[in-house]
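For reference, the structure is listed below as structure tokens.
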Amino acid sequence: MSNSENNSPVSRFPVPELNELPDDLHTLILEVQEKTGFIPNVFLTLAHRPDECRAFFAMHDALMLRKGNLSKAEKEMIVVTVSGGNECHYCVVAHGAILRIVAKNSLLADQLAINYRKADISPRQRAMLDFAVHVSQASATIGEDDFIRLHDHGFDDEDIWDIGAISAFFCLSNRMANLTSMRPNEEFYGMAR
């Protein structure tokens, strides 16, 4: 299956046709298409392996839809920052679009993807993103000082789990997107610009 705008492949791996998918994934993808007006290529790419696709989106939803102290915008800030650090074209573009929408800020996603340390963010958000990058780039060196710094910025231990889990999950997502050469949908580029 190709990206309709430029005939570039969605993935380097085979992408199943919608009518070939198990009923639950077929229904899920049609619901996403109804809500967004298009099918994000991540669904098509990961549908190559249905069991893994289900597990991926179950974990995604458990983290990103979980009620907690982090806002939707803060969660997307983590995703865009980690994805920028991991050079994930798909996730920076797709989640950059989501961040522009939920933060109502057309500049923030680009700033975070390029260099979050130079972005127009609060000291609290900077501490959150410093920790997210630490988890994604050097998790073996996480220590008590990291927790103290986050506590000093008002994050509790559940918030710290959320920051770390989102960062770790999107490291998986970034690596799968890069492995598959997952192509961002053209629609994402212009959203909330």
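As shown in the structure tokens, the chain order sets the letters A, B, ...; within each chain, residues go from 1, and ligands are also counted from 1 in the order they appear.
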How close does segment 123-185 of chain A get to segment 91-111 of chain A? List, as a Markdown table, each residue of segment 123-185 of chain A within 8 Å, its nearest atom pair and the distance in Å to one decimal, counting only C-alpha atoms.
| residue | atom | partner | partner_atom | distance |
| --- | --- | --- | --- | --- |
| A:Ser173 | CA | A:Cys91 | CA | 7.9 |
| A:Asn174 | CA | A:Cys91 | CA | 6.7 |
| A:Ala177 | CA | A:Cys91 | CA | 7.7 |
| A:Pro184 | CA | A:Val93 | CA | 6.5 |
| A:Asn185 | CA | A:Ala94 | CA | 7.8 |
Write out as a PyMOL selection string which residues come within 12 Å of Met182 of chain A when counting only C-alpha atoms, dropping same-chain ones fewer than 5 positions away.
chain A and resi 1-3+8-15+40-46+88-94+173-177
Shell around Arg66 of chain A at 12 Å using only C-alpha atoms, local window under 3 positions removed, as a PyMOL selection string
chain A and resi 58-63+69-72+75+158-159+161-163+165-166
Figure out the distance between atom CA of Gln137 of chain A and atom CA of Cys171 of chain A, please, to one decimal in Å.
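Between atom CA of Cys171 of chain A and atom CA of Gln137 of chain A the gap is 9.1 Å.
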Atom CA of Phe56 of chain A and atom CA of Phe170 of chain A are how many Å apart?
10.4 Å
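Between atom CA of Ser139 of chain A and atom CA of Asn115 of chain A lies a distance of 19.7 Å.
Using only C-alpha atoms, the smallest distance between any of A:Phe131, A:Glu76, A:Asn19, A:Thr81 and Lys118 of chain A comes from A:Thr81.
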If we count only C-alpha atoms, what is near segment 122-129 of chain A at a cut-off of 7 Å, once residues fewer than 4 positions away on the same chain are taken out, given as a list of chain:residue names?
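That gives A:Ile78, A:Val133, A:Leu150, A:His153.
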Running DSSP on the backbone, which parts of chain A land in alpha helix (DSSP H), as a ChimeraX atom specification?
/A:23-36,41-46,50-64,72-85,89-103,108-115,123-138,144-152,157-180,186-190
